[in-house]
>>> print(open('final.cif').read())   # mmCIF, C-alpha atoms
data_my_file
#
loop_
_atom_site.label_atom_id
_atom_site.label_comp_id
_atom_site.auth_asym_id
_atom_site.auth_seq_id
_atom_site.Cartn_x
_atom_site.Cartn_y
_atom_site.Cartn_z
CA MET A 716 -51.23 -32.37 20.36
CA GLY A 717 -49.93 -30.88 23.58
CA ASN A 718 -46.58 -32.67 23.13
CA VAL A 719 -46.02 -31.40 19.59
CA ALA A 720 -45.37 -27.74 20.42
CA PRO A 721 -42.01 -28.28 22.17
CA ALA A 722 -40.76 -30.27 19.18
CA LEU A 723 -41.52 -27.31 16.91
CA GLN A 724 -39.34 -24.93 18.91
CA PRO A 725 -36.36 -24.04 16.69
CA GLU A 726 -32.96 -24.85 18.09
CA PRO A 727 -30.67 -21.86 18.53
CA ALA A 728 -28.34 -21.37 15.61
CA PRO A 729 -24.79 -22.53 16.32
CA ILE A 730 -22.30 -19.74 16.94
CA MET A 731 -20.03 -19.55 13.89
CA ALA A 732 -17.96 -16.55 14.95
CA CYS A 733 -17.27 -14.19 17.81
CA THR A 734 -16.00 -10.69 18.17
CA VAL A 735 -13.35 -10.29 20.85
CA SER A 736 -12.63 -6.81 22.19
CA ARG A 737 -12.30 -4.66 25.26
CA ASP A 738 -15.70 -3.13 24.48
CA VAL A 739 -17.47 -4.01 21.24
CA ALA A 740 -19.54 -0.82 21.55
CA ASN A 741 -16.43 1.03 20.38
CA PHE A 742 -16.72 -0.82 17.06
CA ASP A 743 -20.29 -0.15 15.98
CA LEU A 744 -19.50 -0.65 12.28
CA LEU A 745 -18.13 -4.09 13.12
CA ILE A 746 -21.40 -4.98 14.86
CA GLU A 747 -23.38 -3.95 11.79
CA ASP A 748 -21.18 -5.92 9.41
CA MET A 749 -21.21 -9.04 11.62
CA GLU A 750 -25.00 -8.96 11.73
CA ALA A 751 -25.15 -8.49 7.96
CA GLU A 752 -22.82 -11.43 7.36
CA LEU A 753 -23.92 -13.89 10.06
CA GLY A 754 -27.34 -12.83 11.33
CA GLU A 755 -27.69 -14.29 14.82
CA SER A 756 -24.92 -16.86 14.41
CA TRP A 757 -22.28 -14.81 16.17
CA GLY A 758 -21.45 -13.72 19.67
CA ASP A 759 -19.32 -11.22 21.53
CA LEU A 760 -16.57 -11.85 24.05
CA ALA A 761 -14.57 -9.52 26.27
CA PHE A 762 -10.82 -10.05 26.46
CA SER A 763 -11.23 -11.28 30.02
CA ASP A 764 -13.61 -14.08 28.96
CA ALA A 765 -12.14 -15.13 25.63
CA LEU A 766 -9.55 -17.70 26.73
CA LYS A 767 -12.02 -19.44 29.04
CA PHE A 768 -14.66 -19.64 26.28
CA LEU A 769 -12.24 -20.97 23.66
CA ASP A 770 -11.64 -24.02 25.84
CA GLN A 771 -15.38 -24.74 26.19
CA PRO A 772 -17.22 -27.29 23.97
CA GLU A 773 -19.34 -24.47 22.52
CA ALA A 774 -16.25 -23.03 20.86
CA LYS A 775 -15.90 -26.07 18.60
CA THR A 776 -18.42 -24.60 16.15
CA LEU A 777 -16.42 -21.40 15.68
CA GLU A 778 -15.06 -20.79 12.20
CA PHE A 779 -13.28 -17.57 13.12
CA ILE A 780 -12.99 -14.82 15.69
CA ALA A 781 -12.70 -11.10 14.94
CA VAL A 782 -10.26 -9.55 17.40
CA ALA A 783 -10.88 -5.78 17.56
CA VAL A 784 -8.24 -3.52 19.09
CA ASP A 785 -7.58 0.20 19.28
CA SER A 786 -4.81 2.40 20.66
CA GLU A 787 -5.93 1.86 24.27
CA ASP A 788 -5.28 -1.87 23.93
CA GLU A 789 -1.57 -1.47 23.15
CA SER A 790 -0.80 -1.68 26.87
CA ASP A 791 -2.54 -5.07 26.96
CA LEU A 792 -0.90 -6.75 23.95
CA THR A 793 0.22 -9.76 25.96
CA ARG A 794 -3.36 -10.79 26.69
CA VAL A 795 -4.50 -10.08 23.12
CA SER A 796 -1.55 -12.08 21.77
CA GLY A 797 -2.48 -14.97 24.03
CA ILE A 798 -6.02 -15.03 22.66
CA ILE A 799 -4.79 -15.04 19.07
CA GLY A 800 -2.26 -17.75 19.84
CA ARG A 801 -4.83 -19.96 21.58
CA ALA A 802 -7.28 -19.60 18.68
CA ARG A 803 -4.50 -20.56 16.27
CA ASP A 804 -3.68 -23.66 18.35
CA LEU A 805 -7.36 -24.69 18.22
CA GLY A 806 -7.57 -24.24 14.46
CA ILE A 807 -9.84 -21.19 14.71
CA ARG A 808 -9.09 -18.50 12.12
CA VAL A 809 -8.47 -14.94 13.31
CA ILE A 810 -9.39 -11.63 11.65
CA LEU A 811 -7.63 -8.67 13.24
CA ILE A 812 -9.63 -5.42 13.30
CA ALA A 813 -7.30 -2.52 14.17
CA ASP A 814 -8.17 1.11 14.85
CA GLU A 815 -5.19 3.48 15.08
CA ILE A 816 -2.72 1.10 16.65
CA SER A 817 0.97 1.56 15.98
CA PRO A 818 2.63 -0.36 13.13
CA ILE A 819 4.85 -2.16 15.65
CA ALA A 820 1.84 -3.41 17.61
CA LEU A 821 0.05 -4.36 14.39
CA HIS A 822 2.99 -6.39 13.11
CA HIS A 823 3.37 -8.11 16.50
CA LEU A 824 -0.26 -9.27 16.48
CA LEU A 825 -0.03 -10.45 12.89
CA ARG A 826 3.08 -12.44 13.71
CA MET A 827 1.24 -14.08 16.61
CA GLY A 828 -0.99 -15.83 14.08
CA ALA A 829 -3.77 -13.53 12.85
CA ASP A 830 -4.90 -14.82 9.45
CA ASP A 831 -6.23 -11.57 8.02
CA PHE A 832 -6.28 -7.88 8.83
CA VAL A 833 -8.92 -5.19 8.26
CA PRO A 834 -8.47 -1.54 9.31
CA TYR A 835 -11.15 0.27 11.28
CA PRO A 836 -13.32 2.11 10.33
CA LEU A 837 -14.13 -0.84 8.10
CA PRO A 838 -13.86 -0.11 4.36
CA GLU A 839 -16.92 -1.10 2.36
CA ASN A 840 -17.20 -4.91 1.97
CA ALA A 841 -13.83 -5.39 3.71
CA LEU A 842 -15.18 -7.75 6.38
CA HIS A 843 -17.16 -9.69 3.77
CA GLU A 844 -14.02 -10.18 1.67
CA ALA A 845 -11.97 -11.20 4.71
CA ILE A 846 -14.55 -13.80 5.75
CA LYS A 847 -14.71 -15.05 2.17
CA ARG A 848 -10.95 -15.53 2.11
CA LEU A 849 -10.93 -17.36 5.44
CA THR A 850 -13.80 -19.70 4.63
CA ALA A 851 -12.74 -20.50 1.06
CA PRO A 852 -11.73 -24.15 0.55
CA GLN A 853 -8.03 -24.62 1.11
CA VAL A 854 -6.30 -26.01 -1.97
CA ALA A 855 -2.97 -27.68 -1.38
CA ALA A 856 -0.28 -25.73 -3.15
CA PRO A 857 2.45 -27.52 -5.10
CA ALA A 858 5.91 -27.51 -3.62
CA PRO A 859 7.49 -24.14 -4.38
CA ALA A 860 10.55 -23.86 -6.53
CA PRO A 861 13.72 -22.64 -4.81
CA HIS A 862 13.36 -19.02 -3.74
CA ALA A 863 9.84 -18.87 -5.19
CA ALA A 864 8.30 -17.75 -1.92
CA SER A 865 10.68 -14.85 -1.60
CA HIS A 866 10.37 -13.12 -4.93
CA ALA A 867 8.01 -12.53 -7.82
CA ALA A 868 5.01 -14.70 -8.54
CA ALA A 869 5.14 -16.89 -11.62
CA ALA A 870 3.23 -14.30 -13.60
CA PHE A 871 6.07 -11.83 -13.08
CA ARG A 872 8.90 -13.45 -14.95
CA ALA A 873 11.45 -11.47 -16.89
CA THR A 874 10.34 -10.92 -20.48
CA GLY A 875 12.73 -8.32 -21.88
CA GLN A 876 10.03 -7.38 -24.38
CA ARG A 877 8.63 -4.15 -22.91
CA ASP A 878 9.46 -0.47 -23.23
CA GLY A 879 8.19 0.92 -19.96
CA VAL A 880 7.14 4.46 -19.11
CA VAL A 881 9.37 5.87 -16.35
CA LEU A 882 7.52 7.98 -13.75
CA PRO A 883 9.73 9.26 -10.91
CA VAL A 884 8.18 11.10 -7.94
CA HIS A 885 10.44 13.63 -6.19
CA GLY A 886 9.12 15.57 -3.22
CA LEU A 887 10.79 18.95 -2.87
CA ALA A 888 10.17 19.15 0.88
CA GLY A 889 9.46 16.74 3.68
CA GLY A 890 5.82 15.80 4.15
CA THR A 891 4.64 16.71 0.65
CA GLY A 892 3.20 13.23 0.19
CA ALA A 893 5.66 12.00 -2.45
CA SER A 894 5.85 8.40 -1.21
CA THR A 895 2.09 8.22 -0.69
CA PHE A 896 1.62 9.49 -4.23
CA ALA A 897 4.17 7.04 -5.70
CA VAL A 898 2.69 4.01 -3.89
CA ASN A 899 -0.89 4.79 -4.81
CA LEU A 900 -0.10 5.76 -8.40
CA ALA A 901 1.71 2.44 -8.91
CA TRP A 902 -1.17 0.49 -7.37
CA GLU A 903 -3.82 2.30 -9.43
CA LEU A 904 -1.88 1.61 -12.63
CA ALA A 905 -1.44 -2.06 -11.69
CA THR A 906 -5.16 -2.57 -10.94
CA LEU A 907 -6.69 -0.34 -13.61
CA VAL A 908 -7.47 -3.31 -15.85
CA LYS A 909 -8.79 -6.49 -14.26
CA ASP A 910 -7.30 -8.99 -16.71
CA ASN A 911 -4.13 -8.66 -18.79
CA GLY A 912 -3.45 -5.21 -17.40
CA PRO A 913 -0.14 -3.39 -17.60
CA ARG A 914 2.91 -4.76 -15.81
CA VAL A 915 3.88 -2.22 -13.16
CA CYS A 916 6.85 -1.99 -10.82
CA LEU A 917 7.57 0.41 -7.97
CA LEU A 918 11.21 1.19 -7.17
CA ASP A 919 12.16 2.81 -3.85
CA PHE A 920 15.35 4.78 -4.53
CA ASP A 921 15.38 6.46 -1.12
CA PHE A 922 18.04 4.12 0.24
CA GLN A 923 18.09 5.83 3.62
CA MET A 924 14.53 6.76 4.57
CA GLY A 925 12.47 4.86 2.01
CA SER A 926 8.96 4.10 3.26
CA VAL A 927 7.45 2.11 0.39
CA ALA A 928 7.94 -1.13 2.35
CA THR A 929 6.08 0.36 5.31
CA TYR A 930 3.23 1.72 3.20
CA LEU A 931 2.68 -1.71 1.62
CA ASP A 932 3.56 -3.79 4.71
CA LEU A 933 6.40 -5.59 2.94
CA PRO A 934 9.64 -6.86 4.47
CA ARG A 935 12.96 -5.30 3.50
CA ARG A 936 15.26 -7.88 1.96
CA GLU A 937 19.02 -8.30 1.96
CA ALA A 938 18.79 -9.18 -1.74
CA VAL A 939 18.24 -5.49 -2.51
CA TYR A 940 21.61 -4.55 -1.04
CA ASP A 941 23.30 -7.44 -2.85
CA MET A 942 21.87 -6.27 -6.17
CA LEU A 943 22.80 -2.61 -5.62
CA SER A 944 26.32 -3.55 -4.59
CA ASP A 945 27.06 -5.06 -8.00
CA THR A 946 24.86 -4.18 -10.97
CA SER A 947 27.42 -5.23 -13.58
CA MET A 948 25.64 -8.54 -14.17
CA LEU A 949 22.11 -7.21 -13.60
CA ASP A 950 19.44 -8.79 -15.78
CA GLY A 951 15.69 -9.33 -15.66
CA ASP A 952 15.86 -12.47 -13.54
CA THR A 953 18.16 -10.85 -10.98
CA LEU A 954 15.85 -7.83 -10.69
CA MET A 955 12.80 -10.06 -10.25
CA GLN A 956 14.50 -12.03 -7.51
CA SER A 957 15.22 -8.79 -5.65
CA MET A 958 11.58 -7.70 -5.82
CA LEU A 959 8.49 -8.62 -3.85
CA THR A 960 5.01 -9.10 -5.25
CA TYR A 961 2.19 -7.14 -3.67
CA HIS A 962 -1.22 -8.86 -4.01
CA ASP A 963 -0.18 -10.55 -7.26
CA ARG A 964 -0.45 -7.27 -9.17
CA LEU A 965 2.50 -5.02 -8.35
CA GLN A 966 6.24 -5.70 -8.24
CA VAL A 967 8.09 -3.72 -5.58
CA LEU A 968 11.79 -3.07 -5.04
CA THR A 969 11.93 -1.91 -1.43
CA ALA A 970 14.66 0.20 0.11
CA PRO A 971 17.46 -1.91 1.64
CA ALA A 972 17.09 -3.27 5.15
CA GLU A 973 19.90 -1.04 6.45
CA MET A 974 20.32 2.71 6.03
CA LEU A 975 22.78 3.21 3.18
CA PRO A 976 24.51 6.28 1.74
CA LEU A 977 22.74 7.59 -1.33
CA ASP A 978 25.98 7.40 -3.30
CA ILE A 979 26.19 3.63 -2.89
CA VAL A 980 25.17 3.59 -6.56
CA THR A 981 26.45 5.55 -9.52
CA SER A 982 24.63 6.98 -12.51
CA ASP A 983 25.67 3.92 -14.50
CA ASP A 984 24.14 1.64 -11.85
CA ILE A 985 20.88 3.57 -11.90
CA ASN A 986 20.73 3.66 -15.69
CA ARG A 987 21.32 -0.08 -15.82
CA LEU A 988 18.62 -0.72 -13.23
CA ILE A 989 16.06 1.46 -14.98
CA ASP A 990 16.91 -0.07 -18.37
CA VAL A 991 16.23 -3.57 -17.06
CA ALA A 992 13.00 -2.42 -15.39
CA ARG A 993 11.80 -0.75 -18.60
CA ASP A 994 12.51 -3.96 -20.54
CA ASN A 995 10.23 -5.94 -18.22
CA PHE A 996 7.44 -3.53 -17.24
CA ASP A 997 4.97 -1.19 -18.91
CA PHE A 998 5.19 1.39 -16.11
CA VAL A 999 8.15 2.03 -13.82
CA VAL A 1000 7.23 4.25 -10.85
CA ILE A 1001 10.20 5.50 -8.83
CA ASP A 1002 10.04 6.99 -5.35
CA MET A 1003 13.00 9.38 -5.21
CA PRO A 1004 14.81 10.75 -2.16
CA SER A 1005 14.14 14.42 -1.47
CA ALA A 1006 17.88 15.07 -1.80
CA VAL A 1007 19.39 15.78 -5.21
CA VAL A 1008 22.34 13.43 -5.75
CA GLN A 1009 24.78 12.65 -8.51
CA TRP A 1010 22.50 10.04 -10.10
CA THR A 1011 19.37 12.21 -10.02
CA GLU A 1012 20.38 13.35 -13.51
CA ALA A 1013 20.25 9.75 -14.74
CA VAL A 1014 16.69 9.31 -13.46
CA LEU A 1015 15.58 12.64 -14.92
CA SER A 1016 17.08 11.75 -18.30
CA GLN A 1017 15.24 8.42 -18.36
CA ALA A 1018 11.96 9.85 -17.10
CA HIS A 1019 8.99 10.42 -19.36
CA ILE A 1020 7.30 12.57 -16.70
CA TYR A 1021 9.05 13.71 -13.51
CA PHE A 1022 6.42 14.39 -10.85
CA VAL A 1023 7.32 17.02 -8.26
CA PRO A 1024 4.93 17.18 -5.26
CA ILE A 1025 4.90 20.51 -3.44
CA GLU A 1026 2.71 22.28 -0.92
CA LEU A 1027 1.33 25.79 -0.68
CA ASP A 1028 4.08 27.13 1.60
CA MET A 1029 7.33 29.07 1.47
CA ARG A 1030 9.68 26.09 1.81
CA SER A 1031 8.17 24.40 -1.25
CA ALA A 1032 8.36 27.64 -3.23
CA GLN A 1033 12.02 28.20 -2.32
CA ASN A 1034 13.03 24.60 -3.00
CA THR A 1035 11.21 24.63 -6.34
CA LEU A 1036 13.10 27.74 -7.38
CA ARG A 1037 16.41 26.18 -6.33
CA MET A 1038 15.61 22.96 -8.20
CA ILE A 1039 14.77 24.82 -11.40
CA ARG A 1040 17.97 26.87 -11.19
CA ALA A 1041 20.08 23.76 -10.60
CA LEU A 1042 18.60 21.91 -13.57
CA LYS A 1043 18.92 24.89 -15.90
CA SER A 1044 22.53 25.50 -14.89
CA GLU A 1045 23.35 21.93 -15.97
CA GLU A 1046 21.18 22.20 -19.08
CA LEU A 1047 18.99 19.31 -17.90
CA PRO A 1048 15.44 18.76 -19.20
CA VAL A 1049 13.52 20.94 -16.75
CA GLU A 1050 10.49 20.69 -19.05
CA LYS A 1051 9.93 17.12 -17.81
CA LEU A 1052 8.91 18.38 -14.37
CA ARG A 1053 5.20 18.20 -13.57
CA TYR A 1054 4.22 20.05 -10.42
CA VAL A 1055 1.76 18.36 -8.08
CA LEU A 1056 0.19 20.57 -5.40
CA ASN A 1057 -0.67 18.33 -2.46
CA ARG A 1058 -3.34 19.34 0.05
CA ALA A 1059 -4.66 21.86 -2.46
CA PRO A 1060 -7.35 24.29 -1.29
CA LYS A 1061 -10.99 23.46 -1.86
CA PHE A 1062 -12.80 24.91 -4.83
CA THR A 1063 -14.74 27.30 -2.62
CA ASP A 1064 -11.62 28.70 -0.93
CA LEU A 1065 -11.11 31.62 -3.29
CA ALA A 1066 -8.40 33.29 -1.21
CA ALA A 1067 -6.26 30.16 -1.25
CA LYS A 1068 -6.95 29.66 -4.95
CA GLY A 1069 -5.49 33.11 -5.49
CA ARG A 1070 -2.36 32.10 -3.57
CA VAL A 1071 -1.95 29.06 -5.82
CA LYS A 1072 -2.15 31.26 -8.89
CA ARG A 1073 0.41 33.71 -7.49
CA LEU A 1074 2.72 30.82 -6.56
CA GLY A 1075 2.72 29.56 -10.14
CA GLU A 1076 3.28 33.04 -11.54
CA SER A 1077 6.11 33.91 -9.18
CA LEU A 1078 7.96 30.67 -9.98
CA ASP A 1079 7.04 30.78 -13.68
CA ILE A 1080 5.63 27.26 -13.51
CA THR A 1081 2.32 25.61 -14.31
CA ILE A 1082 0.78 23.62 -11.47
CA GLU A 1083 -0.98 20.98 -13.54
CA LEU A 1084 -2.18 18.70 -10.75
CA GLN A 1085 -3.91 19.73 -7.53
CA PHE A 1086 -4.62 16.94 -5.07
CA PRO A 1087 -7.08 17.42 -2.19
CA ASP A 1088 -6.22 16.73 1.43
CA GLY A 1089 -7.06 13.08 2.06
CA GLY A 1090 -7.19 13.64 5.82
CA ARG A 1091 -6.61 11.08 8.52
CA GLN A 1092 -7.53 8.17 6.25
CA VAL A 1093 -4.27 8.64 4.35
CA THR A 1094 -2.16 8.29 7.51
CA GLN A 1095 -4.22 5.29 8.63
CA ALA A 1096 -3.81 3.57 5.26
CA ASN A 1097 -0.04 4.12 5.30
CA ASP A 1098 0.31 2.88 8.88
CA HIS A 1099 -1.72 -0.22 8.07
CA GLY A 1100 0.30 -0.94 4.93
CA LEU A 1101 -2.59 -0.54 2.49
CA PRO A 1102 -3.11 1.50 -0.68
CA LEU A 1103 -5.98 3.97 -0.44
CA ALA A 1104 -7.94 1.89 -2.96
CA ASN A 1105 -8.06 -0.91 -0.38
CA ALA A 1106 -8.33 1.14 2.80
CA ALA A 1107 -10.53 4.09 1.76
CA ALA A 1108 -11.71 3.72 -1.82
CA LYS A 1109 -13.91 6.83 -1.68
CA ASN A 1110 -11.21 9.11 -0.33
CA PRO A 1111 -10.95 12.25 -2.51
CA LEU A 1112 -7.16 11.91 -2.84
CA ARG A 1113 -7.52 8.34 -4.06
CA LYS A 1114 -10.05 9.40 -6.69
CA GLU A 1115 -7.70 12.03 -8.11
CA ILE A 1116 -4.76 9.61 -8.26
CA GLN A 1117 -7.04 7.07 -9.95
CA LYS A 1118 -7.98 9.66 -12.59
CA LEU A 1119 -4.33 10.43 -13.21
CA ALA A 1120 -3.48 6.72 -13.55
CA LYS A 1121 -6.22 6.26 -16.13
CA SER A 1122 -5.06 9.24 -18.16
CA LEU A 1123 -1.47 7.93 -18.14
CA PHE A 1124 -2.67 4.48 -19.17
CA ASP A 1125 -4.81 5.88 -21.99
CA LEU A 1126 -1.97 8.09 -23.26
CA ASN A 1127 0.44 5.18 -23.26
CA ARG A 1128 -2.04 2.94 -25.04
CA ALA A 1129 -2.63 5.60 -27.70
CA ALA A 1130 1.12 6.02 -28.17
CA GLU A 1131 1.58 2.26 -28.53
CA ALA A 1132 -1.24 2.14 -31.09
CA GLY A 1133 0.49 4.89 -33.07
CA LYS A 1134 3.64 2.76 -33.35
CA VAL A 1135 1.81 -0.11 -35.01
#
>>> encode(input="final.cif", output="structure tokens")
Amino acid sequence: MGNVAPALQPEPAPIMACTVSRDVANFDLLIEDMEAELGESWGDLAFSDALKFLDQPEAKTLEFIAVAVDSEDESDLTRVSGIIGRARDLGIRVILIADEISPIALHHLLRMGADDFVPYPLPENALHEAIKRLTAPQVAAPAPAPHAASHAAAAFRATGQRDGVVLPVHGLAGGTGASTFAVNLAWELATLVKDNGPRVCLLDFDFQMGSVATYLDLPRREAVYDMLSDTSMLDGDTLMQSMLTYHDRLQVLTAPAEMLPLDIVTSDDINRLIDVARDNFDFVVIDMPSAVVQWTEAVLSQAHIYFVPIELDMRSAQNTLRMIRALKSEELPVEKLRYVLNRAPKFTDLAAKGRVKRLGESLDITIELQFPDGGRQVTQANDHGLPLANAAAKNPLRKEIQKLAKSLFDLNRAAEAGKV
């Protein structure tokens, strides 16, 4: 009997994953999620020990490593890149956990071979979903058709059978959150219904400073410039080939790779582009430049609702007044404008609420939408190339945009039902 006890001692569980960081104590939420996902089957490595461990026999059981970096690690990117590269060479998957690192550093690490990316603080279930994606059985994909990897997924083929709702977003001052609003509105519309939802596209018409590509971590393509240079033969297939698909749900026309003059297109070009987009999508969200140009009239004329984000400050008030005067002088449909107050005061801030009321009265406008300040999470989501729904689902700004998307979807569905 005395020899039986040692045989009953359980063998230590094999290490399936490791965190790799300068100091894992800086990522307490990561520790909690790793324990929830893997129990005791994970370990922790410092940057200084990681390369040595990866070459040890014990590392053969690793399924993935979670490399956690923050802003202090940007001065040590060479070492971090080496760890990611070595793991890739050994067939070990890499999840990158990033806390407030610059977009340039983030893109560099992803290019070095990281398989997935999760922002920190970790959104709810984000690590679980990342692990699930990494450990899912790999199914060999069929050989892609020419250009298939560079444009829309098969589900996004030109149909020419839609009559899309056009929703431009035009910030009347810098920093009013127009691009953030446009990106997140488009994503909420695209994901509102799980199956057979509306077809949604997002067009970045700020040809000089457009940031949609940055906010969704998409490359800027030369095909956009080629399309804008000659729209005379534009059709659904050409538009689709110029677009990129974001997470199989949203079609995006990014700003061109190079900074272009806003008058590179005419009103006829813009009308043609919007017409083709409306024929192929249920919702067409447009991120406009803050400048008013010759073809702004074309977009306004096509728009069903023209969202105008402003803030509670003098510059927004003055620019709103100038915009209204300009539209009225040209007898353009100023009634299409819907004013969106970004970073609106909280319900309990009665003094600020009074300022909002006086702002509307002095400009003779109705501020129909008031969005709360989303705080630092909004900047983090934009820098990491993620919609708020993916980066911070409980953010108050995201919830308000989600409500707006649902109301637009319901109104459109009711209007479509009335046509039958």
>>> resolve_selection(input="final.cif", expression="the PyMOL selection byres ((chain A and resi 794) around 12)", output="count of residues only")
26
>>> residues_around(input="final.cif", residues="region 1024-1029 of chain A", least_positions_apart="5", cutoff="8 Å", atoms="all atoms listed in the file", output="list of chain:residue names")
A:Val884, A:His885, A:Gly886, A:Leu887, A:Ala888, A:Thr891, A:Gly892, A:Ala893, A:Tyr1054, A:Val1055, A:Leu1056, A:Asn1057, A:Arg1058, A:Ala1059, A:Arg1070, A:Val1071, A:Leu1074
>>> resolve_selection(input="final.cif", expression="the PyMOL selection byres ((chain A and resi 988) around 10)", output="list in words")
Leu918, Met942, Leu943, Thr946, Ser947, Leu949, Asp950, Gly951, Leu954, Ser982, Asp983, Asp984, Ile985, Asn986, Arg987, Ile989, Asp990, Val991, Ala992 and Arg993 of chain A
>>> resolve_selection(input="final.cif", expression="the PyMOL selection byres ((chain A and resi 1003) around 12)", output="number ranges by chain")
A: 882-888, 892-898, 917-927, 969-970, 977, 985, 1000-1002, 1004-1008, 1010-1015, 1018, 1021-1024
>>> residues_around(input="final.cif", residues="Met1038 (chain A)", least_positions_apart="4", cutoff="10 Å", atoms="only C-alpha atoms", output="VMD selection string")
chain A and resid 887 1007 1032 to 1034 1042 to 1044 1049
>>> atom_distance(input="final.cif", atom1="CA of Ser786 (chain A)", atom2="CA of Leu1112 (chain A)")
25.5 Å
>>> atom_distance(input="final.cif", atom1="CA of Ala972 (chain A)", atom2="CA of Leu900 (chain A)")
23.7 Å
>>> closest_residue(input="final.cif", among="A:Gly1075, A:Thr850, A:Ile746, A:Leu777", to="Ile812 (chain A)", atoms="only C-alpha atoms")
A:Ile746
>>> residues_around(input="final.cif", residues="region 878-880 of chain A", least_positions_apart="5", cutoff="8 Å", atoms="all atoms listed in the file", output="list in words")
Ala992, Arg993, Asp994, Asn995, Phe996, Asp997, Phe998, Val999, Ala1018, His1019 and Asn1127 of chain A
>>> closest_residue(input="final.cif", among="A:Val915, A:Ile979, A:His1099, A:Leu904", to="Asp1125 (chain A)", atoms="all atoms listed in the file")
A:Leu904
>>> atom_distance(input="final.cif", atom1="CA of Pro971 (chain A)", atom2="CA of Arg935 (chain A)")
5.9 Å
>>> closest_residue(input="final.cif", among="A:Leu849, A:Ala1120, A:Leu1047, A:Ala1041", to="Gln1017 (chain A)", atoms="all atoms listed in the file")
A:Leu1047
>>> closest_residue(input="final.cif", among="A:Arg808, A:Arg914, A:Arg936, A:Arg1037", to="Asp830 (chain A)", atoms="only C-alpha atoms")
A:Arg808
>>> closest_residue(input="final.cif", among="A:Ala1106, A:Leu1036, A:Val908, A:His843", to="Glu1076 (chain A)", atoms="all atoms listed in the file")
A:Leu1036
>>> residues_around(input="final.cif", residues="Glu903 (chain A)", least_positions_apart="2", cutoff="8 Å", atoms="only C-alpha atoms", output="VMD selection string")
chain A and resid 899 to 901 905 to 907 1104 1116 to 1117 1120
>>> write_last_selection(input="final.cif", atoms="C-alpha atoms", output="short mmCIF file (atom, residue, chain, number, x, y, z; two decimals), in the coordinates of the input")
data_model
loop_
_atom_site.label_atom_id
_atom_site.label_comp_id
_atom_site.auth_asym_id
_atom_site.auth_seq_id
_atom_site.Cartn_x
_atom_site.Cartn_y
_atom_site.Cartn_z
CA ASN A 899 -0.89 4.79 -4.81
CA LEU A 900 -0.10 5.76 -8.40
CA ALA A 901 1.71 2.44 -8.91
CA ALA A 905 -1.44 -2.06 -11.69
CA THR A 906 -5.16 -2.57 -10.94
CA LEU A 907 -6.69 -0.34 -13.61
CA ALA A 1104 -7.94 1.89 -2.96
CA ILE A 1116 -4.76 9.61 -8.26
CA GLN A 1117 -7.04 7.07 -9.95
CA ALA A 1120 -3.48 6.72 -13.55
#
>>> residues_around(input="final.cif", residues="Pro772 (chain A)", least_positions_apart="3", cutoff="12 Å", atoms="all atoms listed in the file", output="list of chain:residue names")
A:Pro729, A:Ile730, A:Lys767, A:Phe768, A:Leu769, A:Lys775, A:Thr776, A:Leu777, A:Leu805
>>> closest_residue(input="final.cif", among="A:Glu787, A:Glu750, A:Asp743, A:Asp804", to="Pro836 (chain A)", atoms="only C-alpha atoms")
A:Asp743
